[in-house]
Amino acid sequence: MTTTEIKRQIEELKAGRSMETLKKEDKKLYYQVKGLSEKLSEARAYENKQFITKEDLVEYKALIIWMMKNKGNFRGYLNLKEAMQNLLDEVESGNIIYKTKKGIKGIVTKLALSIALDNSYNNMIDANGIDILSQNTYNNSLLNAYQQFKMNALM
């Protein structure tokens with residue numbers, strides 16, 4: 001949907017009422033309008049070409065490295081160079097949009113943590129010769145410890 005279509009749909013749903021009035025009268029409609037407003041801001045950001053770039057990664061390089069090393073490194077299985085390359089590839093290939101300049105930091109750190117956890121997991125699987133598809137991995141203490149580590153890191 002384009003921004004004009006979304007705006008029109010929001011205006012039709014609101015029917016001249018404010019968001020505060022909508023929240024009091026019809027909560028379901030209020031959340032529907034709120035969701036459309038979120039889509040509208042994303043569409044505007046896409047139209048304005050507000051994509052995260054390599055320069056944004058350079059700006060937050062120290063924070064990214066800290067997040068990967070301290071939050072995403074499960075028992076030393078993280079390959080930082082490989083994870084940083086994966087992060088760069090993700091940013092350069094994907095159109096990761098931001099709505100405001102303040103949002104870049106949060107998006108970059110979440111992405112960095114996610115990539116670091118994936119990298120640690122893949123390296124752990126390779127290093128320990130675990131074959132997820134053919135082996136019974138139920139009650140595998142290493143995999144259970146990783147799952148707990150991942151949940152703690154994402155909280």
# chains A, B, ... in the order shown; residues from 1 in each chain; ligands from 1

$ select_by_dssp --residues "region 94-137 of chain A" --states "helix (DSSP H, G or I)" --output "ChimeraX atom specification"
/A:103-128

$ residues_around --residues "Asp89 (chain A)" --least-positions-apart "2" --cutoff "12 Å" --atoms "only C-alpha atoms" --output "list in words"
Ile52, Thr53, Lys54, Leu57, Glu82, Ala83, Met84, Gln85, Asn86, Leu87, Val91, Glu92, Ser93, Gly94, Asn95, Ile96, Leu111, Ala112 and Ile115 of chain A

$ write_last_selection --atoms "C-alpha atoms" --output "tab-separated table (two decimals), in the first residue's frame"
chain	number	residue	atom	x	y	z
A	52	ILE	CA	20.55	1.73	7.57
A	53	THR	CA	23.92	2.04	5.87
A	54	LYS	CA	27.52	1.04	6.40
A	57	LEU	CA	27.51	0.60	11.44
A	82	GLU	CA	32.61	-13.65	10.57
A	83	ALA	CA	29.75	-12.15	12.58
A	84	MET	CA	30.78	-8.60	11.65
A	85	GLN	CA	30.91	-9.61	7.98
A	86	ASN	CA	27.45	-11.16	8.25
A	87	LEU	CA	26.15	-7.94	9.81
A	91	VAL	CA	22.82	-4.22	6.05
A	92	GLU	CA	24.11	-3.92	2.49
A	93	SER	CA	21.77	-6.50	0.97
A	94	GLY	CA	18.62	-5.88	2.99
A	95	ASN	CA	16.63	-2.72	2.98
A	96	ILE	CA	16.50	-2.22	6.73
A	111	LEU	CA	20.53	-7.07	14.59
A	112	ALA	CA	24.09	-7.42	15.92
A	115	ILE	CA	23.70	-12.33	14.23

$ residues_around --residues "Asp26 (chain A)" --least-positions-apart "6" --cutoff "12 Å" --atoms "only C-alpha atoms" --output "VMD selection string"
chain A and resid 13 to 14 17 to 20 32 to 33

$ residues_around --residues "Asp56 (chain A)" --least-positions-apart "6" --cutoff "10 Å" --atoms "only C-alpha atoms" --output "JSON list (two decimals) with all heavy atoms, in the first residue's frame"
[["chain", "number", "residue", "atom", "x", "y", "z"],
["A", 91, "VAL", "N", 23.15, -5.64, 6.22],
["A", 91, "VAL", "CA", 22.82, -4.22, 6.05],
["A", 91, "VAL", "C", 22.92, -3.82, 4.58],
["A", 91, "VAL", "O", 22.06, -3.09, 4.08],
["A", 91, "VAL", "CB", 23.73, -3.34, 6.93],
["A", 91, "VAL", "CG1", 23.64, -1.88, 6.54],
["A", 91, "VAL", "CG2", 23.35, -3.51, 8.40],
["A", 101, "LYS", "N", 16.10, 8.90, 13.41],
["A", 101, "LYS", "CA", 17.54, 8.73, 13.64],
["A", 101, "LYS", "C", 17.80, 8.05, 14.98],
["A", 101, "LYS", "O", 18.76, 7.29, 15.13],
["A", 101, "LYS", "CB", 18.27, 10.08, 13.61],
["A", 101, "LYS", "CG", 18.53, 10.59, 12.23],
["A", 101, "LYS", "CD", 19.69, 9.85, 11.62],
["A", 101, "LYS", "CE", 20.14, 10.50, 10.33],
["A", 101, "LYS", "NZ", 21.09, 9.69, 9.63],
["A", 104, "ILE", "N", 17.93, 4.08, 14.97],
["A", 104, "ILE", "CA", 19.02, 3.34, 14.32],
["A", 104, "ILE", "C", 19.79, 2.52, 15.34],
["A", 104, "ILE", "O", 20.08, 1.35, 15.11],
["A", 104, "ILE", "CB", 19.96, 4.30, 13.57],
["A", 104, "ILE", "CG1", 19.24, 4.94, 12.40],
["A", 104, "ILE", "CG2", 21.20, 3.57, 13.07],
["A", 104, "ILE", "CD1", 20.03, 6.01, 11.69],
["A", 105, "LYS", "N", 20.11, 3.11, 16.46],
["A", 105, "LYS", "CA", 20.91, 2.43, 17.48],
["A", 105, "LYS", "C", 20.23, 1.14, 17.95],
["A", 105, "LYS", "O", 20.86, 0.09, 18.04],
["A", 105, "LYS", "CB", 21.13, 3.38, 18.66],
["A", 105, "LYS", "CG", 22.02, 2.84, 19.73],
["A", 105, "LYS", "CD", 22.21, 3.91, 20.81],
["A", 105, "LYS", "CE", 23.07, 3.45, 21.94],
["A", 105, "LYS", "NZ", 23.22, 4.50, 22.96],
["A", 108, "VAL", "N", 20.25, -1.52, 15.08],
["A", 108, "VAL", "CA", 21.59, -2.06, 14.85],
["A", 108, "VAL", "C", 21.99, -3.01, 15.97],
["A", 108, "VAL", "O", 22.55, -4.08, 15.72],
["A", 108, "VAL", "CB", 22.61, -0.92, 14.67],
["A", 108, "VAL", "CG1", 24.03, -1.42, 14.73],
["A", 108, "VAL", "CG2", 22.38, -0.21, 13.35]]

$ residues_around --residues "Leu40 (chain A)" --least-positions-apart "2" --cutoff "10 Å" --atoms "only C-alpha atoms" --output "ChimeraX atom specification"
/A:1-7,10,34-38,42-46

$ closest_atom_pairs --of "region 4-105 of chain A" --to "region 127-133 of chain A" --cutoff "12 Å" --atoms "only C-alpha atoms" --output "CSV"
residue,atom,partner,partner_atom,distance
A:Arg75,CA,A:Ala127,CA,11.8
A:Gly76,CA,A:Ala127,CA,11.3
A:Tyr77,CA,A:Ala127,CA,8.4
A:Leu78,CA,A:Ala127,CA,11.3

$ decode --residues "region 25-59 of chain A" --atoms "N, CA and C atoms" --output "PDB file, in the first residue's frame"
ATOM      1  N   GLU A  25     -13.987   4.951  23.009  1.00  0.00           N
ATOM      2  CA  GLU A  25     -15.201   4.419  22.389  1.00  0.00           C
ATOM      3  C   GLU A  25     -15.040   2.999  21.847  1.00  0.00           C
ATOM      4  N   ASP A  26     -13.954   2.743  21.130  1.00  0.00           N
ATOM      5  CA  ASP A  26     -13.802   1.459  20.436  1.00  0.00           C
ATOM      6  C   ASP A  26     -12.320   1.058  20.424  1.00  0.00           C
ATOM      7  N   LYS A  27     -11.928   0.232  21.393  1.00  0.00           N
ATOM      8  CA  LYS A  27     -10.518  -0.143  21.526  1.00  0.00           C
ATOM      9  C   LYS A  27     -10.007  -0.913  20.311  1.00  0.00           C
ATOM     10  N   LYS A  28     -10.837  -1.777  19.748  1.00  0.00           N
ATOM     11  CA  LYS A  28     -10.421  -2.563  18.591  1.00  0.00           C
ATOM     12  C   LYS A  28     -10.091  -1.641  17.414  1.00  0.00           C
ATOM     13  N   LEU A  29     -10.941  -0.673  17.169  1.00  0.00           N
ATOM     14  CA  LEU A  29     -10.717   0.287  16.102  1.00  0.00           C
ATOM     15  C   LEU A  29      -9.496   1.152  16.387  1.00  0.00           C
ATOM     16  N   TYR A  30      -9.319   1.501  17.657  1.00  0.00           N
ATOM     17  CA  TYR A  30      -8.159   2.293  18.077  1.00  0.00           C
ATOM     18  C   TYR A  30      -6.855   1.571  17.725  1.00  0.00           C
ATOM     19  N   TYR A  31      -6.769   0.291  18.056  1.00  0.00           N
ATOM     20  CA  TYR A  31      -5.549  -0.467  17.774  1.00  0.00           C
ATOM     21  C   TYR A  31      -5.378  -0.718  16.278  1.00  0.00           C
ATOM     22  N   GLN A  32      -6.475  -0.811  15.555  1.00  0.00           N
ATOM     23  CA  GLN A  32      -6.390  -0.966  14.110  1.00  0.00           C
ATOM     24  C   GLN A  32      -5.801   0.307  13.483  1.00  0.00           C
ATOM     25  N   VAL A  33      -6.263   1.470  13.942  1.00  0.00           N
ATOM     26  CA  VAL A  33      -5.737   2.740  13.443  1.00  0.00           C
ATOM     27  C   VAL A  33      -4.280   2.901  13.848  1.00  0.00           C
ATOM     28  N   LYS A  34      -3.953   2.491  15.064  1.00  0.00           N
ATOM     29  CA  LYS A  34      -2.574   2.582  15.546  1.00  0.00           C
ATOM     30  C   LYS A  34      -1.651   1.713  14.680  1.00  0.00           C
ATOM     31  N   GLY A  35      -2.103   0.517  14.323  1.00  0.00           N
ATOM     32  CA  GLY A  35      -1.320  -0.364  13.462  1.00  0.00           C
ATOM     33  C   GLY A  35      -1.129   0.226  12.072  1.00  0.00           C
ATOM     34  N   LEU A  36      -2.186   0.847  11.548  1.00  0.00           N
ATOM     35  CA  LEU A  36      -2.074   1.498  10.237  1.00  0.00           C
ATOM     36  C   LEU A  36      -1.131   2.697  10.303  1.00  0.00           C
ATOM     37  N   SER A  37      -1.143   3.410  11.411  1.00  0.00           N
ATOM     38  CA  SER A  37      -0.222   4.544  11.579  1.00  0.00           C
ATOM     39  C   SER A  37       1.217   4.062  11.584  1.00  0.00           C
ATOM     40  N   GLU A  38       1.448   2.909  12.182  1.00  0.00           N
ATOM     41  CA  GLU A  38       2.780   2.305  12.184  1.00  0.00           C
ATOM     42  C   GLU A  38       3.207   1.948  10.760  1.00  0.00           C
ATOM     43  N   LYS A  39       2.282   1.359  10.012  1.00  0.00           N
ATOM     44  CA  LYS A  39       2.579   1.034   8.611  1.00  0.00           C
ATOM     45  C   LYS A  39       2.842   2.294   7.791  1.00  0.00           C
ATOM     46  N   LEU A  40       2.104   3.357   8.096  1.00  0.00           N
ATOM     47  CA  LEU A  40       2.284   4.619   7.385  1.00  0.00           C
ATOM     48  C   LEU A  40       3.675   5.188   7.622  1.00  0.00           C
ATOM     49  N   SER A  41       4.132   5.139   8.867  1.00  0.00           N
ATOM     50  CA  SER A  41       5.470   5.670   9.154  1.00  0.00           C
ATOM     51  C   SER A  41       6.550   4.829   8.488  1.00  0.00           C
ATOM     52  N   GLU A  42       6.346   3.511   8.419  1.00  0.00           N
ATOM     53  CA  GLU A  42       7.299   2.652   7.715  1.00  0.00           C
ATOM     54  C   GLU A  42       7.291   2.939   6.210  1.00  0.00           C
ATOM     55  N   ALA A  43       6.105   3.155   5.653  1.00  0.00           N
ATOM     56  CA  ALA A  43       6.005   3.456   4.226  1.00  0.00           C
ATOM     57  C   ALA A  43       6.679   4.793   3.906  1.00  0.00           C
ATOM     58  N   ARG A  44       6.491   5.771   4.769  1.00  0.00           N
ATOM     59  CA  ARG A  44       7.144   7.070   4.569  1.00  0.00           C
ATOM     60  C   ARG A  44       8.657   6.931   4.635  1.00  0.00           C
ATOM     61  N   ALA A  45       9.132   6.154   5.600  1.00  0.00           N
ATOM     62  CA  ALA A  45      10.574   5.947   5.731  1.00  0.00           C
ATOM     63  C   ALA A  45      11.126   5.258   4.482  1.00  0.00           C
ATOM     64  N   TYR A  46      10.382   4.298   3.957  1.00  0.00           N
ATOM     65  CA  TYR A  46      10.821   3.604   2.743  1.00  0.00           C
ATOM     66  C   TYR A  46      10.851   4.558   1.550  1.00  0.00           C
ATOM     67  N   GLU A  47       9.810   5.387   1.431  1.00  0.00           N
ATOM     68  CA  GLU A  47       9.766   6.356   0.328  1.00  0.00           C
ATOM     69  C   GLU A  47      10.897   7.380   0.425  1.00  0.00           C
ATOM     70  N   ASN A  48      11.253   7.739   1.656  1.00  0.00           N
ATOM     71  CA  ASN A  48      12.334   8.710   1.874  1.00  0.00           C
ATOM     72  C   ASN A  48      13.714   8.055   1.847  1.00  0.00           C
ATOM     73  N   LYS A  49      13.734   6.757   1.579  1.00  0.00           N
ATOM     74  CA  LYS A  49      14.988   5.995   1.504  1.00  0.00           C
ATOM     75  C   LYS A  49      15.808   6.101   2.784  1.00  0.00           C
ATOM     76  N   GLN A  50      15.123   5.896   3.910  1.00  0.00           N
ATOM     77  CA  GLN A  50      15.789   5.927   5.207  1.00  0.00           C
ATOM     78  C   GLN A  50      16.249   4.510   5.548  1.00  0.00           C
ATOM     79  N   PHE A  51      17.335   4.092   4.909  1.00  0.00           N
ATOM     80  CA  PHE A  51      17.873   2.761   5.115  1.00  0.00           C
ATOM     81  C   PHE A  51      19.119   2.838   5.985  1.00  0.00           C
ATOM     82  N   ILE A  52      19.331   1.802   6.769  1.00  0.00           N
ATOM     83  CA  ILE A  52      20.549   1.725   7.569  1.00  0.00           C
ATOM     84  C   ILE A  52      21.701   1.424   6.622  1.00  0.00           C
ATOM     85  N   THR A  53      22.788   2.150   6.785  1.00  0.00           N
ATOM     86  CA  THR A  53      23.919   2.041   5.867  1.00  0.00           C
ATOM     87  C   THR A  53      25.180   1.604   6.614  1.00  0.00           C
ATOM     88  N   LYS A  54      26.220   1.395   5.839  1.00  0.00           N
ATOM     89  CA  LYS A  54      27.521   1.039   6.397  1.00  0.00           C
ATOM     90  C   LYS A  54      28.023   2.138   7.332  1.00  0.00           C
ATOM     91  N   GLU A  55      27.726   3.395   7.007  1.00  0.00           N
ATOM     92  CA  GLU A  55      28.147   4.514   7.848  1.00  0.00           C
ATOM     93  C   GLU A  55      27.515   4.435   9.237  1.00  0.00           C
ATOM     94  N   ASP A  56      26.278   3.964   9.299  1.00  0.00           N
ATOM     95  CA  ASP A  56      25.621   3.791  10.599  1.00  0.00           C
ATOM     96  C   ASP A  56      26.324   2.715  11.420  1.00  0.00           C
ATOM     97  N   LEU A  57      26.765   1.658  10.741  1.00  0.00           N
ATOM     98  CA  LEU A  57      27.508   0.602  11.436  1.00  0.00           C
ATOM     99  C   LEU A  57      28.837   1.126  11.957  1.00  0.00           C
ATOM    100  N   VAL A  58      29.495   1.957  11.165  1.00  0.00           N
ATOM    101  CA  VAL A  58      30.772   2.541  11.584  1.00  0.00           C
ATOM    102  C   VAL A  58      30.562   3.420  12.816  1.00  0.00           C
ATOM    103  N   GLU A  59      29.458   4.172  12.814  1.00  0.00           N
ATOM    104  CA  GLU A  59      29.160   5.054  13.944  1.00  0.00           C
ATOM    105  C   GLU A  59      28.981   4.270  15.244  1.00  0.00           C
TER     106      GLU A  59
END
